[in-house]
Structure formats: structure tokens, C-alpha cells
There are 2 protein chains.
Amino acid sequence: MIECPVPKRGYDRIVLGHGSGGRLSADLIDSVFVPGFGGATLARLEDHATVALSEPAARIAFTTDSFVVRPLFFPGGDIGKLAVHGTINDLAVGGAVPRALSAAFILEEGLSIADLSRIVASMREACAEAGVEIVTGDTKVVDRGKGDQVFITTSGIGVVPDGRALSIAAARLGDCILVSGPIGDHGVAILSVREGLEFETELASDTASLHDLCRALLEVCPSIRCMRDPTRGGVASALCDLARASKVGVRIEESAIPVRREVRAACELLGLDPLHVACEGRLIAVLPRADADGALSVMRDHPKGRQAALIGEVIAEDPGIVVMTSRLGSMRIVSPLTGEQLPRIC
Amino acid sequence: MIECPVPKRGYDRIVLGHGSGGRLSADLIDSVFVPGFGGATLARLEDHATVALSEPAARIAFTTDSFVVRPLFFPGGDIGKLAVHGTINDLAVGGAVPRALSAAFILEEGLSIADLSRIVASMREACAEAGVEIVTGDTKVVDRGKGDQVFITTSGIGVVPDGRALSIAAARLGDCILVSGPIGDHGVAILSVREGLEFETELASDTASLHDLCRALLEVCPSIRCMRDPTRGGVASALCDLARASKVGVRIEESAIPVRREVRAACELLGLDPLHVACEGRLIAVLPRADADGALSVMRDHPKGRQAALIGEVIAEDPGIVVMTSRLGSMRIVSPLTGEQLPRIC
């Protein structure tokens, strides 16, 4: 008896058999995922990955996010890059050091394998930039019309250094609120593709890994109360969560908030509030006033924080509420996003 | 200024806004996920969960799986139970102690919230049985016709005890192969619902957490080489993976493999090989011959292993190949599942 070879079948599109757990699944793993992601742990194909930590840890950070963005490819990024950045950022903003990622794919029958390979390559690149690897994964295939090309769920684990305890419930009176750059780029970049808007200059998503900016900030300002990446729901929802969880008021200054001209114009056209539009590579940091100047200069010295700004403060009045002082001096309540104006932005 | 209450809106079905990251997302989290899953870590709603280990660990087990089973509810279980069991099992069969789970939901617009709540309750029950919690999660909503009610991705982390190194590449000549019970129940239970097959007695999925059976086995037989739960692709694909990774031959005895009468009958009717049909609560263990009797009696003393059997052995001939001796004494090569005969079984 001789070993039956498992030929690489010449499919250029995903078929249901690629999710069967049998030969076609193995082919897809061997020809796309293992070489595409490139890691040695993934290549072992055990039921779980074993992640060795550089030293024993008592607290593990753990996070997960599904990505269903439409279209798959957009100016400045793609669903794969977004999935890697999003999960790294959820670890990093909590003060954890990202250590390993998983990726689970739900593919629709008919997806082009070229597109899938392009997404995998993009994920690998995003991982490499942050010094992490995809160490385990899964693939399911759903019949045509029961999915939308590809959905990706990434999960991540990291190590929480001893003594670190950032929390959205930790804001205190007098704290300053910083943002690392212009807001709303990601959401408007996606909408501009969907709605066919054109700008004089191409507006790209801000999708980026914030691990290095977070690390730099924490080195200089270990007293940071909380960091957040304002994704779905935008800066407004992130600050409303903060006000609610910390039982404090938050006041922001409209004129201090960096918003690109194109983003402002698109928001006016589409009837959106830039405060509700998702970013995918911006950081909000809440920290004691005494540390604000230092933090701001760390941010501005970093390539991902050049346009950082101090946008507001934590106040005693109106706990649970976010208010904004407008350019004209009037005050308004900032509400979290209501309704469905920005579906499938990430 | 007074705090604007966030009323619980009276939706009975999922709308796109439930995935917006704004008010409706918060409502869904507050009314379904946080009370449904019940854990204190999840209720903090930070960007990541911080999982405290009972003592510092140097090796973390990490796994992920997406679940797209159709129908959502079936005899013996549902998509939620399957998602929890599947991820616990991927940790447990590698010898890790499951510690925490995450759950990411991709919901289709129009899903009934009653069905979602029922799935969440079922997940909680499955977690409680295994002593783990859902500590972090995510929800996305896709437009009607771009998903199929609900897809769930669970990820899990666990602790790998010092010195433990189970691997599908670790099988050695003379090792015995044990299975913990009848094979193919899950796959046939799903297909019987889809195809409208009826049996004299209801055939239920075997979906179950194997954490306790794995732990009991490892206590008695620390020399176990490898454990696997034969899900998609069935026992055949699991053993083919083993033969390939360990570079050994595998011989199994058809007459020794436990298969329920209903499963055998349904497989004959549908033209399936029971070796290709998924189990979701069965264990394959590979271990030295000297430990086989002990392991078999541990399995049979356990509620999840009453019908355990020794089904085969690792041989020197034909490395990479699985052969089966039939009831009539003839030999045939066992191939991994080819094609798409069992889509969306998990």
C-alpha cells in the first residue's frame, strides 16, 4: 500500500467542502493559512495553541471582536488589517502587552481565494508590525446567500503587568482627556466608498495598531486612569461610557477636537456628527492634569500621535453626562449614537 | 441638566442598530448578554477582560472556533451549547485546564431576541457545568440576507500544567487507540432534523464538555500521547491527521467501533460512512499499550465514557495511512472526508 497523495485541488473560489473538516479543509489550511500566516505554532495544527510566556504571569488579558465591514477593501486598509488592529488595540488600551492572536473565518461559498489570500497577507503584515503572531484559527464555510464573502473574528491574549489597573471606572475630578489625532477618518473613508463620495485628496482609514503609542504613554505616565480606542459609536459613545462607569461629568471643547476638513464636509453632507463616527487607530487617554503636558508631548513625538490634542476634562457637575462647549460658546449634551446610521463599519 | 435615561426599547427582533456601538448596542448588552451570562468580569465591559490565574503560569492554551450550525436548535443541544463545548474540548483534549471563554456574535437583522436569549442561557449552563465563565464578548449585526440568524465564535484560554505536552505528532508504535463512546450521533442528529428522518427512539446529539473525562484520564494515565475530539470530518479525519503528524500507521477494527443502530441505519440511507460523521462529545485517546486497560476502566467509570472501547493500534506499516479491518476480515484504507457531504454541522 502506498500513501495517497493529497493533491492541491485547483479551486479559485471557496466551496462548501472547504469547511468540511476533511481533505478540502486541509488543502485550504496547507495552501493559504499556514504559509500565509507563517507562524510555527499555527503550523502544528493542534486543537489549541500553546503560548509560552517569557515569564510566568498571574493576569492574562483576553479579548474578542468580530469584523463584518463592507466593502472588504477600502482606502487605507481591509477587513484583515482591521481585525488585527482592533484586537491588538483592545489589549493595548487596557495596558496589556499583546502576546498572541487567533483568527476564525466564516467564508461564503464563492469567495475568491485570491481575495482571501490578500486578506491573510494583510493580517500577517499587521501582526508583524506589532510583534505578535496568529497562533490558532478556524474556518467555516456557509452556503451562498447565508454570509457576505468573509467575516473574521480575532481574539487576543496579552500579559497584564503587575500593579496595572486601567479602567473606564477610574476617572477622577480634574482629569484631562486627550485624543491622539483627527477623529472619524475610518468611518468616513468607508462611507465615501459606499456612497461614492469624492474628495480633493483621498481620505484613508486611520486603522492602526496602538500598542506602541500605548506603551510609550504608560512609560511616561504610569498614572493614566484609562485609555480607549473610539471605534463603533465614536468618541461620543466612548466618553459617555466613561462618564457613566466613573460616575463623573465630562466636558469637551468643540474647537479643540481635531477633525479633518474632508471628514467635516462629509459629515455635513451625510447628516452625521463626527463625534459618532468610528476611528480605528485613535486613542483617548484620561489622566491627571499634572501629567497632561507630558502625555501630550509623548503623543506628538510619536508617528501615530502627531496631531494629538487636549479636548476636555472631567468635572463634578452632571455625573454620567458628557457636555460639549461649541465654537459659539453654547453647551449641548453629547449623546451616544442612536439608531443605525453607520452599519457594518468594522 | 438631568441625566437622560436610556430606556429599554421594546424590540423583539434584532435591528441593525443593535450592532452600532451606541444606545441600542448598550441596551442589548444590558438586557440580554450581561444578565444572561451573569459573570462579574463581563459586566465590567472593559475593552478586554483581565483573567486572574490562581497561580502564575508560563504556558497558556489558546483556541478559537466559529459555529454556523443549521438548525440553531436540534435534539440534544443548540448552537450555543455546541460553541461552549467545542472550545472547552479543544482546550481539554490538549491537556489544558479551561479557565475563561469569550463569545463573539454575528447576528442577522430580524433574529428573534427570544431565540438569542435562549442561546445565551444555554451557553451559561454549559459554562457552569465546566466551571468556566464567558468573560468578554462582541456583537455585530449584518443586514438581512447577509448572514443566517446567528453565528457564534468562541475562544478559550486555559493553563497548561508544567511538563504536559500532548501532541498529534507523539503517537508511537504499539500505542492503543480508545474512543469514549458511540460515534456519529451529533452529525446524524443534525441531518435527521434537516432531512426529516425519523427513528423509533429520538437520536440526540452527543454534544458535551470533555474537561472532566480528560482530567480523570490524565490523572490515571499521565503517559497519554494525544487526545482528540473527532468533530468535523469525524473519527476518520482525526486518525488520518494523527497518522500523518506522527508518521505512523494506524489500524482500526470495524467490529470494535461503537456505532448506534440508528446512526448506522441513517448512514446507510444517506450514503455516509459513520467514520466521517461528526461527534461533539466523544474523545479519542492514544496511549501506550500498558496503560490501555486502566484508561478504559477510567472511561467506563465516567458518565461520559460508559461505552468506551479500544478500537485500534499504532503500527509500523504504511506510515501516514489509516487502515480498517472489516467485519469480514478484509482491509481497506480509511480516507479523510472528501467533498461537502455534511455542510454546517457545527
# chains A, B, ... in the order shown; residues from 1 in each chain; ligands from 1

$ residues_around --residues "stretch 84-101 of chain A" --least-positions-apart "3" --cutoff "6 Å" --atoms "only C-alpha atoms" --output "PDB file with N, CA and C atoms, in the first residue's frame"
ATOM      1  N   LYS A  81      -6.653  43.664   8.104  1.00  0.00           N
ATOM      2  CA  LYS A  81      -5.860  44.633   8.872  1.00  0.00           C
ATOM      3  C   LYS A  81      -6.684  45.152  10.057  1.00  0.00           C
ATOM      4  N   VAL A 132       3.320  40.349  17.066  1.00  0.00           N
ATOM      5  CA  VAL A 132       2.525  39.203  17.520  1.00  0.00           C
ATOM      6  C   VAL A 132       2.310  38.250  16.340  1.00  0.00           C
ATOM      7  N   GLU A 133       1.779  37.078  16.653  1.00  0.00           N
ATOM      8  CA  GLU A 133       1.512  36.083  15.620  1.00  0.00           C
ATOM      9  C   GLU A 133       0.092  35.565  15.765  1.00  0.00           C
ATOM     10  N   ILE A 134      -0.496  35.152  14.640  1.00  0.00           N
ATOM     11  CA  ILE A 134      -1.729  34.358  14.685  1.00  0.00           C
ATOM     12  C   ILE A 134      -1.290  32.938  15.027  1.00  0.00           C
ATOM     13  N   SER A 155      -9.375  37.000  18.253  1.00  0.00           N
ATOM     14  CA  SER A 155      -9.284  37.093  19.704  1.00  0.00           C
ATOM     15  C   SER A 155      -7.822  37.298  20.026  1.00  0.00           C
ATOM     16  N   GLY A 156      -7.568  37.825  21.215  1.00  0.00           N
ATOM     17  CA  GLY A 156      -6.175  38.081  21.561  1.00  0.00           C
ATOM     18  C   GLY A 156      -5.933  37.854  23.029  1.00  0.00           C
ATOM     19  N   ILE A 157      -4.701  37.445  23.329  1.00  0.00           N
ATOM     20  CA  ILE A 157      -4.305  37.370  24.734  1.00  0.00           C
ATOM     21  C   ILE A 157      -3.052  38.218  24.937  1.00  0.00           C
ATOM     22  N   GLY A 158      -2.921  38.730  26.143  1.00  0.00           N
ATOM     23  CA  GLY A 158      -1.767  39.549  26.474  1.00  0.00           C
ATOM     24  C   GLY A 158      -1.453  39.386  27.947  1.00  0.00           C
ATOM     25  N   VAL A 159      -0.364  39.986  28.341  1.00  0.00           N
ATOM     26  CA  VAL A 159       0.039  39.907  29.747  1.00  0.00           C
ATOM     27  C   VAL A 159      -0.226  41.262  30.397  1.00  0.00           C
ATOM     28  N   VAL A 160      -0.871  41.255  31.556  1.00  0.00           N
ATOM     29  CA  VAL A 160      -1.125  42.491  32.291  1.00  0.00           C
ATOM     30  C   VAL A 160      -0.005  42.644  33.327  1.00  0.00           C
ATOM     31  N   LEU A 166      -5.892  49.847  34.635  1.00  0.00           N
ATOM     32  CA  LEU A 166      -6.641  50.896  33.947  1.00  0.00           C
ATOM     33  C   LEU A 166      -8.108  50.489  33.885  1.00  0.00           C
ATOM     34  N   ALA A 208      -4.900  51.394  12.593  1.00  0.00           N
ATOM     35  CA  ALA A 208      -3.505  51.242  13.030  1.00  0.00           C
ATOM     36  C   ALA A 208      -3.473  50.535  14.382  1.00  0.00           C
ATOM     37  N   SER A 209      -2.340  49.898  14.650  1.00  0.00           N
ATOM     38  CA  SER A 209      -2.119  49.284  15.965  1.00  0.00           C
ATOM     39  C   SER A 209      -1.617  50.335  16.928  1.00  0.00           C
ATOM     40  N   LEU A 210      -2.229  50.378  18.098  1.00  0.00           N
ATOM     41  CA  LEU A 210      -1.853  51.406  19.070  1.00  0.00           C
ATOM     42  C   LEU A 210      -0.930  50.869  20.161  1.00  0.00           C
ATOM     43  N   HIS A 211      -0.424  49.642  19.989  1.00  0.00           N
ATOM     44  CA  HIS A 211       0.397  49.027  21.049  1.00  0.00           C
ATOM     45  C   HIS A 211       1.598  49.887  21.419  1.00  0.00           C
ATOM     46  N   MET A 227      -7.521  54.277  29.013  1.00  0.00           N
ATOM     47  CA  MET A 227      -7.358  54.559  27.585  1.00  0.00           C
ATOM     48  C   MET A 227      -8.475  53.824  26.844  1.00  0.00           C
ATOM     49  N   ARG A 228      -8.894  54.379  25.731  1.00  0.00           N
ATOM     50  CA  ARG A 228      -9.944  53.765  24.909  1.00  0.00           C
ATOM     51  C   ARG A 228      -9.651  54.042  23.448  1.00  0.00           C
TER      52      ARG A 228
ATOM     53  N   ASP B  47     -12.459  47.084  27.567  1.00  0.00           N
ATOM     54  CA  ASP B  47     -12.085  46.651  26.218  1.00  0.00           C
ATOM     55  C   ASP B  47     -11.536  45.229  26.207  1.00  0.00           C
ATOM     56  N   HIS B  48     -10.925  44.818  27.303  1.00  0.00           N
ATOM     57  CA  HIS B  48     -10.566  43.401  27.436  1.00  0.00           C
ATOM     58  C   HIS B  48     -10.867  42.932  28.852  1.00  0.00           C
TER      59      HIS B  48
END

$ residues_around --residues "stretch 332-339 of chain A" --least-positions-apart "3" --cutoff "7 Å" --atoms "only C-alpha atoms" --output "short mmCIF file (atom, residue, chain, number, x, y, z; two decimals) with all heavy atoms, in the first residue's frame"
data_model
loop_
_atom_site.label_atom_id
_atom_site.label_comp_id
_atom_site.auth_asym_id
_atom_site.auth_seq_id
_atom_site.Cartn_x
_atom_site.Cartn_y
_atom_site.Cartn_z
N GLY A 233 -19.52 53.82 17.32
CA GLY A 233 -20.12 54.75 18.27
C GLY A 233 -19.27 56.00 18.46
O GLY A 233 -19.74 56.99 19.02
N ALA A 236 -18.02 60.03 20.99
CA ALA A 236 -19.17 60.31 21.86
C ALA A 236 -19.50 59.09 22.72
O ALA A 236 -19.63 59.21 23.95
CB ALA A 236 -20.39 60.69 21.01
N SER A 237 -19.62 57.92 22.10
CA SER A 237 -20.00 56.73 22.87
C SER A 237 -18.92 56.36 23.87
O SER A 237 -19.23 55.96 25.00
CB SER A 237 -20.31 55.56 21.93
OG SER A 237 -21.41 55.90 21.09
N CYS A 240 -19.25 58.78 26.76
CA CYS A 240 -20.48 58.50 27.53
C CYS A 240 -20.27 57.27 28.42
O CYS A 240 -20.70 57.24 29.58
CB CYS A 240 -21.67 58.31 26.60
SG CYS A 240 -22.22 59.84 25.82
N HIS A 276 -19.72 60.79 16.42
CA HIS A 276 -20.32 59.45 16.36
C HIS A 276 -19.62 58.55 15.36
O HIS A 276 -19.99 57.39 15.21
CB HIS A 276 -21.80 59.56 15.99
CG HIS A 276 -22.67 60.02 17.11
ND1 HIS A 276 -23.83 60.72 16.91
CD2 HIS A 276 -22.53 59.88 18.44
CE1 HIS A 276 -24.37 61.00 18.08
NE2 HIS A 276 -23.61 60.50 19.03
N VAL A 322 -22.04 63.77 29.27
CA VAL A 322 -20.98 64.44 28.52
C VAL A 322 -21.57 65.71 27.92
O VAL A 322 -22.62 65.66 27.27
CB VAL A 322 -20.44 63.54 27.38
CG1 VAL A 322 -19.35 64.25 26.60
CG2 VAL A 322 -19.94 62.21 27.95
N VAL A 323 -20.91 66.86 28.17
CA VAL A 323 -21.39 68.11 27.56
C VAL A 323 -20.28 68.68 26.68
O VAL A 323 -19.09 68.45 26.93
CB VAL A 323 -21.81 69.17 28.61
CG1 VAL A 323 -23.01 68.70 29.40
CG2 VAL A 323 -20.65 69.52 29.52
N MET A 324 -20.69 69.39 25.63
CA MET A 324 -19.69 70.00 24.73
C MET A 324 -19.94 71.49 24.64
O MET A 324 -21.08 71.93 24.43
CB MET A 324 -19.75 69.36 23.35
CG MET A 324 -18.68 69.94 22.40
SD MET A 324 -18.38 68.91 20.95
CE MET A 324 -19.84 69.28 19.99
N THR A 325 -18.87 72.27 24.81
CA THR A 325 -18.94 73.70 24.59
C THR A 325 -18.67 73.94 23.10
O THR A 325 -17.63 73.53 22.59
CB THR A 325 -17.86 74.43 25.40
OG1 THR A 325 -17.90 73.93 26.73
CG2 THR A 325 -18.09 75.92 25.41
N GLY B 17 -29.25 48.63 14.31
CA GLY B 17 -28.77 49.49 15.38
C GLY B 17 -28.22 48.73 16.57
O GLY B 17 -27.40 49.28 17.33
N GLY B 22 -23.73 52.01 19.79
CA GLY B 22 -24.36 53.11 20.50
C GLY B 22 -25.40 52.62 21.50
O GLY B 22 -25.22 51.61 22.16
N ARG B 23 -26.51 53.36 21.58
CA ARG B 23 -27.51 53.07 22.61
C ARG B 23 -28.14 51.70 22.49
O ARG B 23 -28.34 51.01 23.48
CB ARG B 23 -28.64 54.11 22.52
CG ARG B 23 -28.25 55.36 23.20
CD ARG B 23 -29.48 56.06 23.77
NE ARG B 23 -28.98 57.13 24.61
CZ ARG B 23 -29.49 58.36 24.66
NH1 ARG B 23 -30.54 58.66 23.93
NH2 ARG B 23 -28.95 59.26 25.44
N LEU B 24 -28.50 51.30 21.25
CA LEU B 24 -29.17 50.01 21.10
C LEU B 24 -28.21 48.87 21.43
O LEU B 24 -28.61 47.86 22.00
CB LEU B 24 -29.72 49.86 19.67
CG LEU B 24 -30.97 50.67 19.37
CD1 LEU B 24 -31.38 50.48 17.91
CD2 LEU B 24 -32.11 50.25 20.28
#

$ atom_distance --atom1 "atom CA of B:Pro319" --atom2 "atom CA of B:Lys247"
5.1 Å

$ atom_distance --atom1 "atom CA of B:Met123" --atom2 "atom CA of B:Val188"
22.3 Å

$ residues_around --residues "stretch 56-72 of chain A" --least-positions-apart "6" --cutoff "6 Å" --atoms "only C-alpha atoms" --output "short mmCIF file (atom, residue, chain, number, x, y, z; two decimals) with N, CA, C and O atoms, in the first residue's frame"
data_model
loop_
_atom_site.label_atom_id
_atom_site.label_comp_id
_atom_site.auth_asym_id
_atom_site.auth_seq_id
_atom_site.Cartn_x
_atom_site.Cartn_y
_atom_site.Cartn_z
N ASP A 78 -8.11 47.04 4.97
CA ASP A 78 -9.02 45.98 4.57
C ASP A 78 -9.49 45.28 5.83
O ASP A 78 -9.00 45.55 6.93
N ILE A 79 -10.43 44.35 5.68
CA ILE A 79 -11.03 43.68 6.83
C ILE A 79 -9.98 42.95 7.69
O ILE A 79 -10.09 42.89 8.91
N PHE A 151 -16.37 36.98 7.03
CA PHE A 151 -16.40 37.58 8.36
C PHE A 151 -15.20 37.02 9.12
O PHE A 151 -14.87 35.84 8.98
N ILE A 152 -14.55 37.85 9.89
CA ILE A 152 -13.38 37.40 10.65
C ILE A 152 -13.57 37.73 12.12
O ILE A 152 -13.92 38.85 12.47
N THR A 153 -13.34 36.75 12.97
CA THR A 153 -13.32 37.01 14.41
C THR A 153 -11.90 36.80 14.91
O THR A 153 -11.35 35.72 14.78
N THR A 154 -11.32 37.87 15.43
CA THR A 154 -10.00 37.74 16.05
C THR A 154 -10.16 37.80 17.57
O THR A 154 -10.99 38.54 18.09
N SER A 155 -9.38 37.00 18.25
CA SER A 155 -9.28 37.09 19.70
C SER A 155 -7.82 37.30 20.03
O SER A 155 -6.95 37.00 19.21
N GLY A 156 -7.57 37.83 21.21
CA GLY A 156 -6.17 38.08 21.56
C GLY A 156 -5.93 37.85 23.03
O GLY A 156 -6.84 38.02 23.86
N ILE A 157 -4.70 37.45 23.33
CA ILE A 157 -4.30 37.37 24.73
C ILE A 157 -3.05 38.22 24.94
O ILE A 157 -2.26 38.43 24.01
N GLY A 158 -2.92 38.73 26.14
CA GLY A 158 -1.77 39.55 26.47
C GLY A 158 -1.45 39.39 27.95
O GLY A 158 -2.19 38.72 28.68
N VAL A 159 -0.36 39.99 28.34
CA VAL A 159 0.04 39.91 29.75
C VAL A 159 -0.23 41.26 30.40
O VAL A 159 0.12 42.31 29.83
N VAL A 160 -0.87 41.26 31.56
CA VAL A 160 -1.12 42.49 32.29
C VAL A 160 0.00 42.64 33.33
O VAL A 160 0.11 41.83 34.23
N ARG A 344 -22.15 48.20 9.74
CA ARG A 344 -21.04 47.42 9.19
C ARG A 344 -19.81 48.25 8.85
O ARG A 344 -19.26 48.17 7.77
N ILE A 345 -19.42 49.05 9.81
CA ILE A 345 -18.28 49.94 9.67
C ILE A 345 -16.99 49.20 10.10
O ILE A 345 -15.89 49.64 9.79
N CYS A 346 -17.14 48.10 10.83
CA CYS A 346 -15.97 47.33 11.25
C CYS A 346 -16.34 45.86 11.37
O CYS A 346 -17.41 45.47 10.95
N HIS B 48 -10.92 44.82 27.30
CA HIS B 48 -10.57 43.40 27.44
C HIS B 48 -10.87 42.93 28.85
O HIS B 48 -10.96 43.74 29.77
N ALA B 49 -11.03 41.63 28.99
CA ALA B 49 -11.21 41.04 30.31
C ALA B 49 -9.85 40.76 30.91
O ALA B 49 -8.91 40.39 30.18
N THR B 50 -9.71 40.96 32.19
CA THR B 50 -8.48 40.56 32.89
C THR B 50 -8.79 39.28 33.66
O THR B 50 -9.67 39.27 34.51
N VAL B 51 -8.08 38.23 33.30
CA VAL B 51 -8.32 36.92 33.89
C VAL B 51 -7.21 36.64 34.89
O VAL B 51 -6.04 36.53 34.51
N ALA B 52 -7.56 36.56 36.18
CA ALA B 52 -6.56 36.27 37.21
C ALA B 52 -6.40 34.77 37.32
O ALA B 52 -7.38 34.04 37.44
N LEU B 53 -5.17 34.29 37.23
CA LEU B 53 -4.91 32.86 37.36
C LEU B 53 -4.66 32.56 38.84
O LEU B 53 -4.18 33.42 39.59
N GLU B 55 -2.45 30.68 40.12
CA GLU B 55 -1.03 30.95 40.34
C GLU B 55 -0.39 31.28 38.99
O GLU B 55 -0.92 30.90 37.95
N PRO B 56 0.74 32.00 39.01
CA PRO B 56 1.33 32.42 37.75
C PRO B 56 1.61 31.22 36.83
O PRO B 56 2.05 30.17 37.30
N ALA B 57 1.34 31.39 35.55
CA ALA B 57 1.51 30.29 34.59
C ALA B 57 2.47 30.71 33.49
O ALA B 57 2.50 31.88 33.09
N ALA B 58 3.26 29.76 33.02
CA ALA B 58 4.23 30.06 31.97
C ALA B 58 3.72 29.69 30.59
O ALA B 58 4.21 30.18 29.58
N GLY B 137 -16.82 39.64 25.23
CA GLY B 137 -17.60 39.30 24.05
C GLY B 137 -17.72 40.46 23.08
O GLY B 137 -17.15 41.53 23.30
N ASP B 138 -18.46 40.20 22.02
CA ASP B 138 -18.67 41.22 20.99
C ASP B 138 -19.95 40.87 20.24
O ASP B 138 -20.33 39.71 20.16
#

$ select_by_dssp --residues "stretch 234-338 of chain A" --states "strand (DSSP E)" --output "list in words"
Gly249, Val250, Arg251, Ile252, Glu253, Ile284, Ala285, Val286, Leu287, Ala309, Leu310, Ile311, Gly312, Glu313, Val314, Ile315, Val322, Val323, Met324, Thr325, Met331, Arg332, Ile333 and Val334 of chain A

$ atom_distance --atom1 "atom CA of B:Leu242" --atom2 "atom CA of B:Gly80"
28.7 Å

$ select_by_dssp --residues "stretch 81-297 of chain A" --states "helix (DSSP H, G or I)" --output "ChimeraX atom specification"
/A:81-92,113-130,185-195,211-220,234-246,254-256,261-270,274-276,289-297

$ write_last_selection --atoms "C-alpha atoms" --output "PDB file, in the first residue's frame"
ATOM      1  CA  LYS A  81      -5.860  44.633   8.872  1.00  0.00           C
ATOM      2  CA  LEU A  82      -8.838  45.995  10.805  1.00  0.00           C
ATOM      3  CA  ALA A  83      -9.347  42.642  12.564  1.00  0.00           C
ATOM      4  CA  VAL A  84      -5.723  42.500  13.699  1.00  0.00           C
ATOM      5  CA  HIS A  85      -5.504  46.162  14.721  1.00  0.00           C
ATOM      6  CA  GLY A  86      -8.833  46.056  16.553  1.00  0.00           C
ATOM      7  CA  THR A  87      -7.863  43.160  18.767  1.00  0.00           C
ATOM      8  CA  ILE A  88      -4.344  44.409  19.441  1.00  0.00           C
ATOM      9  CA  ASN A  89      -5.843  47.764  20.408  1.00  0.00           C
ATOM     10  CA  ASP A  90      -8.360  46.227  22.807  1.00  0.00           C
ATOM     11  CA  LEU A  91      -5.432  44.616  24.615  1.00  0.00           C
ATOM     12  CA  ALA A  92      -3.142  47.653  24.444  1.00  0.00           C
ATOM     13  CA  ILE A 113      -9.341  32.554  -2.925  1.00  0.00           C
ATOM     14  CA  ALA A 114      -7.213  35.403  -4.276  1.00  0.00           C
ATOM     15  CA  ASP A 115      -9.158  37.849  -2.091  1.00  0.00           C
ATOM     16  CA  LEU A 116      -8.804  35.548   0.907  1.00  0.00           C
ATOM     17  CA  SER A 117      -5.052  35.261   0.345  1.00  0.00           C
ATOM     18  CA  ARG A 118      -4.759  39.019   0.065  1.00  0.00           C
ATOM     19  CA  ILE A 119      -6.580  39.428   3.398  1.00  0.00           C
ATOM     20  CA  VAL A 120      -4.350  36.820   5.060  1.00  0.00           C
ATOM     21  CA  ALA A 121      -1.207  38.583   3.787  1.00  0.00           C
ATOM     22  CA  SER A 122      -2.503  41.861   5.144  1.00  0.00           C
ATOM     23  CA  MET A 123      -3.182  40.286   8.557  1.00  0.00           C
ATOM     24  CA  ARG A 124       0.320  38.866   8.675  1.00  0.00           C
ATOM     25  CA  GLU A 125       1.807  42.261   7.914  1.00  0.00           C
ATOM     26  CA  ALA A 126      -0.282  43.918  10.640  1.00  0.00           C
ATOM     27  CA  CYS A 127       0.756  41.228  13.125  1.00  0.00           C
ATOM     28  CA  ALA A 128       4.432  41.593  12.263  1.00  0.00           C
ATOM     29  CA  GLU A 129       4.306  45.331  12.846  1.00  0.00           C
ATOM     30  CA  ALA A 130       3.029  44.698  16.379  1.00  0.00           C
ATOM     31  CA  ASP A 185     -11.372  59.144   9.369  1.00  0.00           C
ATOM     32  CA  HIS A 186     -12.202  55.439   9.322  1.00  0.00           C
ATOM     33  CA  GLY A 187     -15.962  55.813   9.245  1.00  0.00           C
ATOM     34  CA  VAL A 188     -15.929  58.482   6.555  1.00  0.00           C
ATOM     35  CA  ALA A 189     -13.409  56.531   4.438  1.00  0.00           C
ATOM     36  CA  ILE A 190     -15.775  53.525   4.462  1.00  0.00           C
ATOM     37  CA  LEU A 191     -18.868  55.613   3.787  1.00  0.00           C
ATOM     38  CA  SER A 192     -17.187  57.515   0.985  1.00  0.00           C
ATOM     39  CA  VAL A 193     -16.554  54.232  -0.839  1.00  0.00           C
ATOM     40  CA  ARG A 194     -20.108  53.056  -0.254  1.00  0.00           C
ATOM     41  CA  GLU A 195     -21.733  56.366  -1.172  1.00  0.00           C
ATOM     42  CA  HIS A 211       0.397  49.027  21.049  1.00  0.00           C
ATOM     43  CA  ASP A 212       3.493  51.218  20.675  1.00  0.00           C
ATOM     44  CA  LEU A 213       1.745  54.514  21.404  1.00  0.00           C
ATOM     45  CA  CYS A 214       0.078  52.984  24.488  1.00  0.00           C
ATOM     46  CA  ARG A 215       3.396  51.577  25.684  1.00  0.00           C
ATOM     47  CA  ALA A 216       5.156  54.925  25.219  1.00  0.00           C
ATOM     48  CA  LEU A 217       2.424  56.743  27.132  1.00  0.00           C
ATOM     49  CA  LEU A 218       2.410  54.286  30.017  1.00  0.00           C
ATOM     50  CA  GLU A 219       6.175  54.557  30.398  1.00  0.00           C
ATOM     51  CA  VAL A 220       5.977  58.302  30.882  1.00  0.00           C
ATOM     52  CA  GLY A 234     -17.144  57.102  18.002  1.00  0.00           C
ATOM     53  CA  VAL A 235     -15.677  59.471  20.563  1.00  0.00           C
ATOM     54  CA  ALA A 236     -19.172  60.307  21.860  1.00  0.00           C
ATOM     55  CA  SER A 237     -20.000  56.734  22.867  1.00  0.00           C
ATOM     56  CA  ALA A 238     -16.546  56.183  24.405  1.00  0.00           C
ATOM     57  CA  LEU A 239     -16.875  59.307  26.564  1.00  0.00           C
ATOM     58  CA  CYS A 240     -20.476  58.502  27.534  1.00  0.00           C
ATOM     59  CA  ASP A 241     -19.297  55.040  28.680  1.00  0.00           C
ATOM     60  CA  LEU A 242     -16.567  56.737  30.716  1.00  0.00           C
ATOM     61  CA  ALA A 243     -18.933  59.238  32.324  1.00  0.00           C
ATOM     62  CA  ARG A 244     -21.382  56.504  33.205  1.00  0.00           C
ATOM     63  CA  ALA A 245     -18.834  53.989  34.530  1.00  0.00           C
ATOM     64  CA  SER A 246     -16.811  56.561  36.525  1.00  0.00           C
ATOM     65  CA  GLU A 254     -15.613  71.505  20.144  1.00  0.00           C
ATOM     66  CA  SER A 255     -12.843  73.799  18.920  1.00  0.00           C
ATOM     67  CA  ALA A 256     -10.166  71.582  20.488  1.00  0.00           C
ATOM     68  CA  ARG A 261     -11.731  69.159   6.624  1.00  0.00           C
ATOM     69  CA  GLU A 262     -12.898  66.275   4.385  1.00  0.00           C
ATOM     70  CA  VAL A 263     -14.425  64.478   7.360  1.00  0.00           C
ATOM     71  CA  ARG A 264     -16.267  67.585   8.472  1.00  0.00           C
ATOM     72  CA  ALA A 265     -17.568  68.158   4.943  1.00  0.00           C
ATOM     73  CA  ALA A 266     -18.687  64.554   4.515  1.00  0.00           C
ATOM     74  CA  CYS A 267     -20.425  64.583   7.887  1.00  0.00           C
ATOM     75  CA  GLU A 268     -22.318  67.729   6.950  1.00  0.00           C
ATOM     76  CA  LEU A 269     -23.344  66.177   3.645  1.00  0.00           C
ATOM     77  CA  LEU A 270     -24.464  62.902   5.217  1.00  0.00           C
ATOM     78  CA  PRO A 274     -18.132  63.487  13.686  1.00  0.00           C
ATOM     79  CA  LEU A 275     -18.276  62.522  17.373  1.00  0.00           C
ATOM     80  CA  HIS A 276     -20.318  59.451  16.360  1.00  0.00           C
ATOM     81  CA  ARG A 289      -3.945  67.162  34.948  1.00  0.00           C
ATOM     82  CA  ALA A 290      -0.363  67.198  36.225  1.00  0.00           C
ATOM     83  CA  ASP A 291       0.578  64.610  33.585  1.00  0.00           C
ATOM     84  CA  ALA A 292      -1.276  66.144  30.654  1.00  0.00           C
ATOM     85  CA  ASP A 293       1.589  68.175  29.161  1.00  0.00           C
ATOM     86  CA  GLY A 294       3.986  65.248  29.390  1.00  0.00           C
ATOM     87  CA  ALA A 295       1.487  62.880  27.804  1.00  0.00           C
ATOM     88  CA  LEU A 296       0.709  65.309  25.027  1.00  0.00           C
ATOM     89  CA  SER A 297       4.349  65.676  24.121  1.00  0.00           C
TER      90      SER A 297
END
